[in-house]
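Source file: input.cif; contents: mmCIF, C-alpha atoms.
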```cif
data_work
#
loop_
_atom_site.label_atom_id
_atom_site.label_comp_id
_atom_site.auth_asym_id
_atom_site.auth_seq_id
_atom_site.Cartn_x
_atom_site.Cartn_y
_atom_site.Cartn_z
CA MET A 225 -60.66 -27.64 35.45
CA ALA A 226 -57.61 -27.99 37.67
CA ASN A 227 -55.77 -25.27 35.74
CA LEU A 228 -58.52 -22.68 36.27
CA LYS A 229 -57.51 -20.09 38.86
CA ILE A 230 -60.43 -18.93 40.96
CA GLN A 231 -59.96 -15.71 42.88
CA GLU A 232 -62.31 -14.03 45.28
CA THR A 233 -62.39 -10.37 46.14
CA ASN A 234 -64.51 -8.23 48.40
CA ASP A 235 -64.22 -5.10 46.30
CA LYS A 236 -65.64 -4.32 42.90
CA GLN A 237 -62.31 -4.95 41.17
CA LYS A 238 -62.85 -7.09 38.09
CA ILE A 239 -60.83 -10.25 38.18
CA LYS A 240 -58.86 -10.84 35.00
CA ILE A 241 -58.57 -14.43 33.86
CA ARG A 242 -56.95 -15.19 30.55
CA PHE A 243 -58.21 -17.74 28.07
CA SER A 244 -54.82 -19.46 28.43
CA ASP A 245 -55.79 -20.23 32.06
CA LEU A 246 -58.58 -22.52 30.81
CA PRO A 247 -58.05 -26.23 30.17
CA ILE A 248 -58.30 -25.83 26.40
CA SER A 249 -56.16 -26.96 23.50
CA LYS A 250 -53.06 -25.08 22.37
CA SER A 251 -54.72 -24.68 18.99
CA THR A 252 -57.63 -22.80 20.52
CA VAL A 253 -55.37 -20.67 22.73
CA SER A 254 -53.20 -19.82 19.70
CA GLY A 255 -56.25 -18.91 17.62
CA LEU A 256 -57.68 -16.75 20.39
CA PHE A 257 -54.34 -14.99 20.89
CA LYS A 258 -53.98 -14.39 17.13
CA SER A 259 -57.47 -12.90 17.12
CA LYS A 260 -56.57 -10.70 20.10
CA PHE A 261 -58.89 -12.49 22.51
CA ILE A 262 -56.70 -12.56 25.62
CA LYS A 263 -58.80 -11.89 28.74
CA MET A 264 -62.24 -13.28 29.38
CA THR A 265 -65.26 -11.11 29.99
CA GLU A 266 -67.42 -11.63 33.06
CA THR A 267 -69.92 -13.64 31.01
CA GLN A 268 -67.16 -15.86 29.62
CA ARG A 269 -65.63 -16.43 33.08
CA ALA A 270 -69.04 -17.44 34.41
CA SER A 271 -70.03 -19.78 31.58
CA ILE A 272 -67.06 -21.31 29.73
CA PRO A 273 -65.73 -23.45 32.62
CA HIS A 274 -69.20 -24.99 33.10
CA ALA A 275 -69.64 -25.66 29.38
CA LEU A 276 -66.15 -27.19 29.18
CA SER A 277 -67.21 -29.53 32.01
CA GLY A 278 -70.09 -30.74 29.85
CA ARG A 279 -72.84 -28.83 31.61
CA ASP A 280 -75.68 -27.15 29.78
CA ILE A 281 -75.56 -23.39 30.16
CA ILE A 282 -77.92 -20.47 29.74
CA ALA A 283 -76.20 -17.10 29.49
CA CYS A 284 -78.18 -13.89 29.73
CA ALA A 285 -76.04 -10.81 29.20
CA ARG A 286 -75.99 -7.55 27.32
CA THR A 287 -74.83 -7.17 23.73
CA GLY A 288 -71.04 -7.10 23.48
CA SER A 289 -70.49 -9.15 26.63
CA GLY A 290 -68.79 -12.06 24.87
CA LYS A 291 -71.64 -14.56 24.70
CA THR A 292 -70.59 -15.80 21.26
CA LEU A 293 -67.18 -17.00 22.47
CA SER A 294 -68.93 -18.41 25.54
CA TYR A 295 -70.47 -21.10 23.37
CA LEU A 296 -68.01 -21.31 20.46
CA ILE A 297 -64.97 -22.20 22.58
CA PRO A 298 -66.74 -25.16 24.28
CA VAL A 299 -68.14 -26.29 20.90
CA VAL A 300 -64.68 -26.37 19.32
CA GLU A 301 -63.09 -27.98 22.37
CA LYS A 302 -65.72 -30.74 22.64
CA LEU A 303 -65.19 -31.76 19.03
CA TYR A 304 -61.41 -31.39 19.30
CA LYS A 305 -61.25 -33.63 22.38
CA GLU A 306 -63.34 -36.24 20.57
CA ARG A 307 -60.94 -36.05 17.59
CA TRP A 308 -63.80 -35.07 15.30
CA THR A 309 -63.08 -35.27 11.56
CA ALA A 310 -64.98 -34.70 8.33
CA ASP A 311 -65.81 -38.43 8.37
CA ASP A 312 -67.74 -37.94 11.64
CA GLY A 313 -70.11 -35.43 10.06
CA LEU A 314 -72.07 -32.79 11.86
CA GLY A 315 -71.05 -32.49 15.51
CA ALA A 316 -72.43 -29.08 16.44
CA LEU A 317 -75.46 -27.15 15.26
CA ILE A 318 -75.83 -23.48 16.19
CA LEU A 319 -79.22 -21.87 15.56
CA VAL A 320 -79.29 -18.08 15.24
CA PRO A 321 -82.31 -15.83 14.70
CA THR A 322 -80.93 -13.63 11.90
CA ARG A 323 -78.53 -13.70 8.96
CA GLU A 324 -76.49 -10.92 10.56
CA LEU A 325 -76.01 -12.83 13.81
CA GLY A 326 -75.10 -15.94 11.83
CA ILE A 327 -72.45 -14.05 9.88
CA GLN A 328 -71.08 -12.54 13.09
CA ALA A 329 -70.85 -15.93 14.85
CA TYR A 330 -69.26 -17.52 11.78
CA GLU A 331 -66.62 -14.77 11.59
CA VAL A 332 -65.79 -15.17 15.28
CA LEU A 333 -65.45 -18.93 14.78
CA ARG A 334 -63.22 -18.45 11.74
CA SER A 335 -61.08 -15.91 13.58
CA PHE A 336 -59.94 -18.30 16.30
CA GLY A 337 -60.80 -21.72 14.89
CA SER A 338 -58.35 -21.65 12.02
CA TYR A 339 -55.77 -23.65 13.99
CA HIS A 340 -58.13 -26.62 14.07
CA GLU A 341 -58.86 -29.01 11.21
CA MET A 342 -62.61 -29.00 11.72
CA SER A 343 -64.87 -27.67 9.02
CA ALA A 344 -67.54 -25.06 9.61
CA GLY A 345 -70.35 -23.74 7.50
CA LEU A 346 -72.86 -20.93 7.45
CA VAL A 347 -76.35 -21.74 6.18
CA ILE A 348 -78.58 -18.68 6.03
CA GLY A 349 -81.17 -17.18 3.74
CA GLY A 350 -79.83 -15.18 0.82
CA LYS A 351 -77.06 -17.69 0.03
CA ASP A 352 -76.96 -20.17 -2.86
CA VAL A 353 -78.86 -23.27 -1.68
CA LYS A 354 -77.25 -25.49 -4.34
CA LYS A 355 -73.76 -24.63 -3.09
CA GLU A 356 -74.87 -25.23 0.49
CA LYS A 357 -76.29 -28.64 -0.46
CA ALA A 358 -72.99 -29.65 -2.04
CA ILE A 359 -70.88 -28.86 1.02
CA ILE A 360 -73.22 -29.39 3.95
CA ARG A 361 -72.42 -33.08 4.37
CA ASN A 362 -68.77 -32.23 5.13
CA MET A 363 -69.48 -29.72 7.87
CA ASN A 364 -68.52 -30.43 11.48
CA ILE A 365 -69.96 -27.18 12.84
CA LEU A 366 -72.99 -25.59 11.22
CA ILE A 367 -74.28 -22.10 12.01
CA CYS A 368 -77.74 -21.54 10.57
CA THR A 369 -81.06 -19.79 10.74
CA PRO A 370 -84.08 -22.01 11.50
CA GLY A 371 -85.80 -21.40 8.17
CA ARG A 372 -82.78 -22.37 6.08
CA LEU A 373 -82.05 -25.38 8.27
CA MET A 374 -85.64 -26.57 7.83
CA GLN A 375 -85.24 -26.20 4.08
CA HIS A 376 -82.14 -28.41 4.12
CA MET A 377 -83.79 -30.94 6.42
CA ASP A 378 -86.74 -31.15 4.01
CA GLU A 379 -84.95 -30.96 0.65
CA ASN A 380 -81.37 -32.10 1.13
CA ALA A 381 -80.70 -35.83 1.27
CA GLU A 382 -77.06 -35.02 2.20
CA PHE A 383 -78.09 -33.41 5.50
CA ASP A 384 -77.37 -35.80 8.36
CA ALA A 385 -77.44 -34.90 12.05
CA ASP A 386 -77.23 -38.45 13.43
CA ASN A 387 -73.87 -37.82 15.14
CA LEU A 388 -74.80 -34.43 16.58
CA LYS A 389 -73.17 -33.79 19.97
CA ILE A 390 -73.96 -30.12 20.63
CA LEU A 391 -76.98 -27.95 19.97
CA VAL A 392 -76.76 -24.21 20.62
CA PHE A 393 -79.62 -21.72 20.54
CA ASP A 394 -78.12 -18.24 20.23
CA GLU A 395 -80.46 -15.46 21.34
CA VAL A 396 -83.32 -17.85 22.04
CA ASP A 397 -85.53 -14.93 23.09
CA ARG A 398 -85.20 -13.41 19.61
CA LEU A 399 -85.79 -16.80 18.02
CA MET A 400 -89.13 -16.90 19.86
CA ASP A 401 -89.93 -13.21 19.23
CA LEU A 402 -89.36 -13.71 15.50
CA GLY A 403 -91.84 -16.59 15.42
CA PHE A 404 -89.46 -19.55 15.09
CA LYS A 405 -91.05 -21.68 17.83
CA HIS A 406 -92.78 -23.98 15.32
CA SER A 407 -89.54 -24.34 13.29
CA ILE A 408 -87.53 -25.13 16.43
CA ASP A 409 -90.11 -27.70 17.52
CA SER A 410 -89.86 -29.31 14.07
CA ILE A 411 -86.05 -29.25 14.14
CA MET A 412 -86.03 -30.90 17.56
#
```
Show me, as structure tokens, the structure contained in the file I just sent.
Amino acid sequence: MANLKIQETNDKQKIKIRFSDLPISKSTVSGLFKSKFIKMTETQRASIPHALSGRDIIACARTGSGKTLSYLIPVVEKLYKERWTADDGLGALILVPTRELGIQAYEVLRSFGSYHEMSAGLVIGGKDVKKEKAIIRNMNILICTPGRLMQHMDENAEFDADNLKILVFDEVDRLMDLGFKHSIDSIM
């Protein structure tokens, strides 16, 4: 965290901190720059440094505030720093309440994560379960809906979360509102 520049101001001027100011890998910075993610939002400035330090975070912010990058950057960096490979298996599991949110998170991850050698998968309803079963054992980062994850946990002998390092609940309020409490309890 020594590279992070903290500035204080008495006025309502928004402080601009770039992703390149964070203690993150060149691969992540390059991917973010390529994807045109240059300056952090207020939510990202408040949460990413804590997550990078290994702290648990809860971020409550409006839609479009950058919450997705607030958890994806620390996920990628944690696995990168641990030199995670396909042989290590699943390192991060991200639960989302809807297919649409899963697709969005996966696209954000693909947009900046392409400079890393980690594998990522999207496991949501409406996709071919057989194809998912064949590739799920090679995934380092898995974005999924609770129902589809439960299906793989119940039916897929290839699913293994023994090495899991990070668990993310995206939009936990919607997960609860949509009735996934029992599924989440079972997953845990």
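Remark: for Thr369 in chain A, the closest of the candidate residues A:Gly350, A:Gly278, A:Gly313, A:Pro298 is A:Gly350 (distances computed over only C-alpha atoms).
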Given the file above and the PyMOL selection byres ((chain A and resi 326) around 8), which residues are selected, and can you give them as a tab-separated table (two decimals) with C-alpha atoms, keeping the file's coordinate frame?
```tsv
chain	number	residue	atom	x	y	z
A	320	VAL	CA	-79.29	-18.08	15.24
A	321	PRO	CA	-82.31	-15.83	14.70
A	322	THR	CA	-80.93	-13.63	11.90
A	323	ARG	CA	-78.53	-13.70	8.96
A	324	GLU	CA	-76.49	-10.92	10.56
A	325	LEU	CA	-76.01	-12.83	13.81
A	327	ILE	CA	-72.45	-14.05	9.88
A	328	GLN	CA	-71.08	-12.54	13.09
A	329	ALA	CA	-70.85	-15.93	14.85
A	330	TYR	CA	-69.26	-17.52	11.78
A	346	LEU	CA	-72.86	-20.93	7.45
A	348	ILE	CA	-78.58	-18.68	6.03
A	367	ILE	CA	-74.28	-22.10	12.01
A	368	CYS	CA	-77.74	-21.54	10.57
A	369	THR	CA	-81.06	-19.79	10.74
```
Just want the 8 Å neighbourhood of range 380-387 of chain A, counted on all atoms listed in the file, with same-chain residues fewer than 3 positions away dropped. Output as a VMD selection string. chain A and resid 312 to 315 357 to 358 360 to 361 375 to 377
Who sits within 8 Å of range 340-344 of chain A, all atoms listed in the file, same chain under 2 positions skipped, as number ranges by chain: A: 251-252, 304, 308-310, 337-338, 346, 362-367
Expand the PyMOL selection byres ((chain A and resi 268) around 8) into the explicit residue set it covers here, and present it as an NGL selection string. :A and (264-267 or 269-272 or 290-291 or 293-294)
Residues returned when the PyMOL selection byres ((chain A and resi 404) around 12) runs on this file, as a list of chain:residue names: A:Leu319, A:Val320, A:Pro321, A:Thr322, A:Thr369, A:Pro370, A:Gly371, A:Arg372, A:Leu373, A:Met374, A:Phe393, A:Glu395, A:Val396, A:Asp397, A:Arg398, A:Leu399, A:Met400, A:Asp401, A:Leu402, A:Gly403, A:Lys405, A:His406, A:Ser407, A:Ile408, A:Asp409, A:Ser410, A:Ile411
Is it possible to produce a file of range 253-288 of chain A from this structure, with N, CA and C atoms, as a compact mmCIF listing (two decimals), in the first residue's frame?
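Output contents, as saved in selection16.txt:
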```
# COMPACT_ATOMS: atom_id res chain seq x y z
N VAL A 253 -2.71 -3.61 -14.60
CA VAL A 253 -2.71 -2.21 -15.04
C VAL A 253 -2.84 -2.13 -16.55
N SER A 254 -2.10 -2.97 -17.27
CA SER A 254 -2.17 -2.97 -18.74
C SER A 254 -3.57 -3.34 -19.23
N GLY A 255 -4.16 -4.35 -18.61
CA GLY A 255 -5.51 -4.76 -18.99
C GLY A 255 -6.54 -3.68 -18.71
N LEU A 256 -6.40 -3.02 -17.56
CA LEU A 256 -7.32 -1.93 -17.22
C LEU A 256 -7.17 -0.78 -18.21
N PHE A 257 -5.92 -0.42 -18.53
CA PHE A 257 -5.66 0.66 -19.47
C PHE A 257 -6.23 0.33 -20.86
N LYS A 258 -6.00 -0.90 -21.31
CA LYS A 258 -6.53 -1.35 -22.61
C LYS A 258 -8.06 -1.26 -22.63
N SER A 259 -8.68 -1.53 -21.51
CA SER A 259 -10.14 -1.51 -21.41
C SER A 259 -10.67 -0.11 -21.07
N LYS A 260 -9.76 0.85 -21.04
CA LYS A 260 -10.11 2.25 -20.78
C LYS A 260 -10.59 2.50 -19.35
N PHE A 261 -10.13 1.67 -18.42
CA PHE A 261 -10.35 1.93 -17.00
C PHE A 261 -9.08 2.62 -16.50
N ILE A 262 -9.14 3.92 -16.31
CA ILE A 262 -7.95 4.69 -15.94
C ILE A 262 -8.06 5.21 -14.51
N LYS A 263 -9.14 5.94 -14.22
CA LYS A 263 -9.33 6.55 -12.91
C LYS A 263 -10.38 5.79 -12.12
N MET A 264 -10.11 5.66 -10.83
CA MET A 264 -11.04 4.93 -9.96
C MET A 264 -12.24 5.80 -9.60
N THR A 265 -13.35 5.13 -9.41
CA THR A 265 -14.54 5.80 -8.88
C THR A 265 -14.40 5.92 -7.36
N GLU A 266 -15.29 6.65 -6.76
CA GLU A 266 -15.26 6.82 -5.31
C GLU A 266 -15.38 5.47 -4.60
N THR A 267 -16.27 4.61 -5.09
CA THR A 267 -16.44 3.28 -4.51
C THR A 267 -15.16 2.47 -4.62
N GLN A 268 -14.51 2.52 -5.76
CA GLN A 268 -13.27 1.78 -5.97
C GLN A 268 -12.15 2.32 -5.08
N ARG A 269 -12.05 3.63 -4.95
CA ARG A 269 -11.02 4.22 -4.08
C ARG A 269 -11.23 3.81 -2.63
N ALA A 270 -12.49 3.67 -2.23
CA ALA A 270 -12.78 3.34 -0.84
C ALA A 270 -12.61 1.86 -0.53
N SER A 271 -12.73 0.99 -1.54
CA SER A 271 -12.76 -0.44 -1.25
C SER A 271 -11.53 -1.22 -1.73
N ILE A 272 -11.02 -0.92 -2.90
CA ILE A 272 -9.93 -1.74 -3.47
C ILE A 272 -8.70 -1.80 -2.57
N PRO A 273 -8.21 -0.67 -2.03
CA PRO A 273 -7.02 -0.78 -1.17
C PRO A 273 -7.23 -1.73 0.02
N HIS A 274 -8.41 -1.72 0.61
CA HIS A 274 -8.69 -2.61 1.74
C HIS A 274 -8.71 -4.07 1.28
N ALA A 275 -9.36 -4.32 0.15
CA ALA A 275 -9.42 -5.70 -0.36
C ALA A 275 -8.03 -6.20 -0.74
N LEU A 276 -7.22 -5.33 -1.33
CA LEU A 276 -5.85 -5.71 -1.68
C LEU A 276 -5.02 -6.03 -0.44
N SER A 277 -5.38 -5.44 0.68
CA SER A 277 -4.68 -5.71 1.95
C SER A 277 -5.17 -6.98 2.62
N GLY A 278 -6.15 -7.66 1.98
CA GLY A 278 -6.65 -8.91 2.52
C GLY A 278 -7.85 -8.76 3.44
N ARG A 279 -8.39 -7.56 3.53
CA ARG A 279 -9.56 -7.35 4.39
C ARG A 279 -10.84 -7.73 3.65
N ASP A 280 -11.82 -8.19 4.40
CA ASP A 280 -13.15 -8.40 3.86
C ASP A 280 -13.78 -7.03 3.65
N ILE A 281 -14.55 -6.89 2.59
CA ILE A 281 -15.21 -5.60 2.36
C ILE A 281 -16.69 -5.82 2.07
N ILE A 282 -17.46 -4.81 2.40
CA ILE A 282 -18.86 -4.72 2.01
C ILE A 282 -18.99 -3.36 1.35
N ALA A 283 -19.43 -3.35 0.11
CA ALA A 283 -19.58 -2.09 -0.62
C ALA A 283 -21.04 -1.89 -0.99
N CYS A 284 -21.60 -0.80 -0.52
CA CYS A 284 -22.97 -0.44 -0.85
C CYS A 284 -22.91 0.85 -1.66
N ALA A 285 -23.32 0.77 -2.90
CA ALA A 285 -23.26 1.95 -3.77
C ALA A 285 -24.26 1.78 -4.89
N ARG A 286 -24.56 2.87 -5.53
CA ARG A 286 -25.55 2.87 -6.61
C ARG A 286 -25.04 2.10 -7.82
N THR A 287 -25.96 1.75 -8.70
CA THR A 287 -25.63 1.08 -9.96
C THR A 287 -24.73 2.00 -10.78
N GLY A 288 -23.70 1.43 -11.38
CA GLY A 288 -22.78 2.20 -12.21
C GLY A 288 -21.65 2.86 -11.45
```
